[in-house]
Amino acid sequence: MARCLGALGLAVLLAAPALADSTRARFRVTVSVPASATVSLLGQADALVVSEEDVARGFVVVPVRYRVTRNTRRGYLLQIAPRLGLAREVEVRGLGSGVVLHDQPMELHRDATDRVDDLALELRVSLEPGVQPGRYALPVQLMALAL
């Protein structure tokens with residue numbers, strides 16, 4: 001009898017791992033990540049410095065670099081909004097077509113297959129009459145919406 005119980009116990013111990021491995025479960029996980037984009041100012045041009053010569057000339061040109069990063073490869077919508085009070089108009093060069101901002105924002109569709117898009121722009125800022133030499137915030141704000 002003891003041998004029979006011992007054999008039965010041994011059989012249960014040997015079968016336990018096999019029984020544990022035979023249980024299976026399946027499930028599906030779905031994750032939805034909303035499209036997003038961010039714009040970062042690169043380099044040192046975080047402000048517009050207006051000199052006396054710029055005031056006399058009526059405009060100032062400042063090079064700026066931005067990086068647009070997003071989690072999709074479908075392109076993005078670039079929104080450019082002027083800051084009011086400093087400039088009569090801002091010409092944005094480097095986007096492939098002439099962009100001139102007055103007092104209304106502008107949106108441009110950008111086809112980009114990479115997730116990072118570096119923009120090297122030049123801002124030609126036509127100064128409002130009465131602007132004094134000094135340091136000012138950049139005359140445009142950029143935002144990006146991932147498509």
# chains A, B, ... in the order shown; residues from 1 in each chain; ligands from 1

$ residues_around --residues "Ala81 (chain A)" --least-positions-apart "5" --cutoff "7 Å" --atoms "only C-alpha atoms" --output "PyMOL selection string"
chain A and resi 104-106+140-142

$ select_by_dssp --residues "region 100-146 of chain A" --states "strand (DSSP E or B)" --output "ChimeraX atom specification"
/A:100-101,106-110,116-127,134-137,140-146

$ select_by_dssp --residues "region 38-133 of chain A" --states "helix (DSSP H, G or I)" --output "ChimeraX atom specification"
/A:52-57

$ residues_around --residues "Phe59 (chain A)" --least-positions-apart "3" --cutoff "12 Å" --atoms "only C-alpha atoms" --output "PDB file with C-alpha atoms, in the first residue's frame"
ATOM      1  CA  LEU A  48      14.944  89.696 -31.524  1.00  0.00           C
ATOM      2  CA  VAL A  49      17.620  92.332 -30.895  1.00  0.00           C
ATOM      3  CA  VAL A  50      16.820  95.641 -32.591  1.00  0.00           C
ATOM      4  CA  SER A  51      19.723  98.068 -33.020  1.00  0.00           C
ATOM      5  CA  GLU A  52      19.655 101.794 -33.835  1.00  0.00           C
ATOM      6  CA  GLU A  53      20.732 100.892 -37.375  1.00  0.00           C
ATOM      7  CA  ASP A  54      17.778  98.494 -37.679  1.00  0.00           C
ATOM      8  CA  VAL A  55      15.378 101.229 -36.543  1.00  0.00           C
ATOM      9  CA  ALA A  56      16.871 103.679 -39.076  1.00  0.00           C
ATOM     10  CA  VAL A  62      17.070  87.297 -37.908  1.00  0.00           C
ATOM     11  CA  LEU A  86       6.558  95.224 -32.935  1.00  0.00           C
ATOM     12  CA  ALA A  87       6.245  94.495 -36.635  1.00  0.00           C
ATOM     13  CA  ARG A  88       4.082  95.801 -39.472  1.00  0.00           C
ATOM     14  CA  GLU A  89       4.791  92.553 -41.255  1.00  0.00           C
ATOM     15  CA  VAL A  90       7.077  89.545 -40.994  1.00  0.00           C
ATOM     16  CA  GLU A  91       8.354  87.778 -44.084  1.00  0.00           C
ATOM     17  CA  LEU A 123      12.590  86.336 -40.524  1.00  0.00           C
ATOM     18  CA  ARG A 124      12.587  89.752 -42.179  1.00  0.00           C
ATOM     19  CA  VAL A 125      10.794  91.937 -39.669  1.00  0.00           C
ATOM     20  CA  SER A 126       9.457  95.284 -40.934  1.00  0.00           C
ATOM     21  CA  LEU A 127       9.366  97.422 -37.806  1.00  0.00           C
ATOM     22  CA  GLU A 128       6.401  99.476 -36.653  1.00  0.00           C
ATOM     23  CA  PRO A 129       7.073 103.226 -36.501  1.00  0.00           C
ATOM     24  CA  VAL A 131       9.965 100.946 -32.155  1.00  0.00           C
ATOM     25  CA  GLN A 132      12.979 101.609 -29.957  1.00  0.00           C
ATOM     26  CA  PRO A 133      16.261  99.687 -29.982  1.00  0.00           C
TER      27      PRO A 133
END

$ atom_distance --atom1 "CA of Arg65 (chain A)" --atom2 "CA of Leu84 (chain A)"
21.1 Å

$ closest_residue --among "A:Val116, A:His102, A:Arg67, A:Ala37" --to "Ala144 (chain A)" --atoms "only C-alpha atoms"
A:Ala37

$ residues_around --residues "Met143 (chain A)" --least-positions-apart "4" --cutoff "8 Å" --atoms "only C-alpha atoms" --output "MDAnalysis selection string"
chainID A and resid 38:39 78:80

$ write_last_selection --atoms "N, CA and C atoms" --output "JSON list (two decimals), in the first residue's frame"
[["chain", "number", "residue", "atom", "x", "y", "z"],
["A", 38, "THR", "N", 5.37, 68.57, -31.73],
["A", 38, "THR", "CA", 5.92, 69.65, -30.92],
["A", 38, "THR", "C", 6.90, 70.45, -31.76],
["A", 39, "VAL", "N", 7.01, 71.73, -31.42],
["A", 39, "VAL", "CA", 7.95, 72.62, -32.09],
["A", 39, "VAL", "C", 8.93, 73.13, -31.04],
["A", 78, "LEU", "N", 1.65, 73.34, -40.10],
["A", 78, "LEU", "CA", 2.46, 74.32, -39.40],
["A", 78, "LEU", "C", 1.65, 75.60, -39.27],
["A", 79, "GLN", "N", 1.47, 76.04, -38.04],
["A", 79, "GLN", "CA", 0.74, 77.27, -37.77],
["A", 79, "GLN", "C", 1.75, 78.34, -37.37],
["A", 80, "ILE", "N", 1.69, 79.47, -38.05],
["A", 80, "ILE", "CA", 2.58, 80.59, -37.77],
["A", 80, "ILE", "C", 1.71, 81.79, -37.40]]

$ atom_distance --atom1 "CA of Asn71 (chain A)" --atom2 "CA of Leu95 (chain A)"
21.4 Å
